[in-house]
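Below: the structure, in structure tokens.
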Amino acid sequence: MIIILAECLTALIYLYLGLSLPWSSWHTLAGTLRELHFILVIAAAIATAWGIARRRTWAPKGAVALAAYVGLPNLAAIGGFLQSIGADAQPALVLSLSFVLIATLAQLVAFTLALRQLRPEPAAA
């Protein structure tokens with residue numbers, strides 16, 4: 001159940017971040033790749049949450065793969081986040097970075113719980 005909530009939270013955060021970008025971002029290659037990244041994360045998070053809810057055997061592997069793709073929080077990322085929210089940081093930047101940090105923490109929770117659900121495949125005879 002917690003994995004489902006973590007994946008849904010990730011999908012909602014990336015949906016918000018994707019919708020908050022201007023439409024003009026689709027006119028550049030970097031902007032298009034960023035938007036496609038958001039779409040891929042949203043679709044994968046929804047599919048993984050659905051698979052966990054239906055107890056599909058591939059769902060824990062999907063949660064691990066999504067956590068690897070989105071990224072897990074590490075000390076360097078958290079340090080960069082804290083450095084970028086100095087006294088002169090704009091509120092929109094702080095909000096966006098906070099959402100990304102929350103999404104990576106949700107993926108850390110999903111990753112940890114999904115690893116516990118992984119079962120080794122029986123060897124082929």
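Residues in the structure tokens are numbered from 1 in each chain, the chains being A, B, ... in the order shown, and ligands are numbered from 1 in the order shown.
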
Selection near range 115-125 of chain A, 10 Å with only C-alpha atoms, sequence-local residues under 4 positions removed, as number ranges by chain: A: 57-61, 63-64, 110-111

I need the residues from that last selection saved to file as a PDB file, in the first residue's frame (with N, CA and C atoms), if you can.
ATOM      1  N   THR A  57       3.570  -9.828 -10.788  1.00  0.00           N
ATOM      2  CA  THR A  57       4.928 -10.242 -10.432  1.00  0.00           C
ATOM      3  C   THR A  57       5.982  -9.253 -10.932  1.00  0.00           C
ATOM      4  N   TRP A  58       5.702  -8.519 -11.996  1.00  0.00           N
ATOM      5  CA  TRP A  58       6.660  -7.575 -12.550  1.00  0.00           C
ATOM      6  C   TRP A  58       6.681  -6.245 -11.801  1.00  0.00           C
ATOM      7  N   ALA A  59       5.706  -5.975 -10.963  1.00  0.00           N
ATOM      8  CA  ALA A  59       5.560  -4.654 -10.354  1.00  0.00           C
ATOM      9  C   ALA A  59       6.728  -4.265  -9.437  1.00  0.00           C
ATOM     10  N   PRO A  60       7.233  -5.146  -8.554  1.00  0.00           N
ATOM     11  CA  PRO A  60       8.397  -4.721  -7.756  1.00  0.00           C
ATOM     12  C   PRO A  60       9.618  -4.403  -8.619  1.00  0.00           C
ATOM     13  N   LYS A  61       9.810  -5.164  -9.695  1.00  0.00           N
ATOM     14  CA  LYS A  61      10.916  -4.862 -10.603  1.00  0.00           C
ATOM     15  C   LYS A  61      10.692  -3.511 -11.275  1.00  0.00           C
ATOM     16  N   ALA A  63       9.085  -0.988  -9.955  1.00  0.00           N
ATOM     17  CA  ALA A  63       9.335   0.047  -8.937  1.00  0.00           C
ATOM     18  C   ALA A  63      10.835   0.298  -8.784  1.00  0.00           C
ATOM     19  N   VAL A  64      11.629  -0.769  -8.807  1.00  0.00           N
ATOM     20  CA  VAL A  64      13.077  -0.621  -8.707  1.00  0.00           C
ATOM     21  C   VAL A  64      13.622   0.108  -9.939  1.00  0.00           C
ATOM     22  N   ALA A 110       9.678   3.658  -2.092  1.00  0.00           N
ATOM     23  CA  ALA A 110       9.199   2.615  -3.002  1.00  0.00           C
ATOM     24  C   ALA A 110      10.315   1.625  -3.339  1.00  0.00           C
ATOM     25  N   PHE A 111      11.510   2.133  -3.557  1.00  0.00           N
ATOM     26  CA  PHE A 111      12.658   1.278  -3.872  1.00  0.00           C
ATOM     27  C   PHE A 111      12.953   0.309  -2.735  1.00  0.00           C
TER      28      PHE A 111
END

Please run DSSP on the backbone and report, as number ranges by chain, all residues within chain A that come out as alpha helix (DSSP H). A: 2-20, 29-53, 59-70, 75-84, 91-117

Pick out the closest residue to Ile13 in chain A from this set: A:Ala67, A:Ala53, A:Ala45, A:Leu75. Count only C-alpha atoms. A:Ala45

Residues near Leu101 in chain A, anyone? I mean within 8 Å using only C-alpha atoms, not counting same-chain ones fewer than 4 positions away, as a list in words. Pro73, Ile78, Leu97 and Leu105 of chain A

Point-to-point distance from CA of Thr112 in chain A to CA of Gln83 in chain A, Å rounded to tenths: 27.3 Å

Could you list, as a ChimeraX atom specification, every residue within 12 Å of Ala92 in chain A, counting only C-alpha atoms and ignoring same-chain residues fewer than 6 positions away? /A:17,20-21,85,98-99
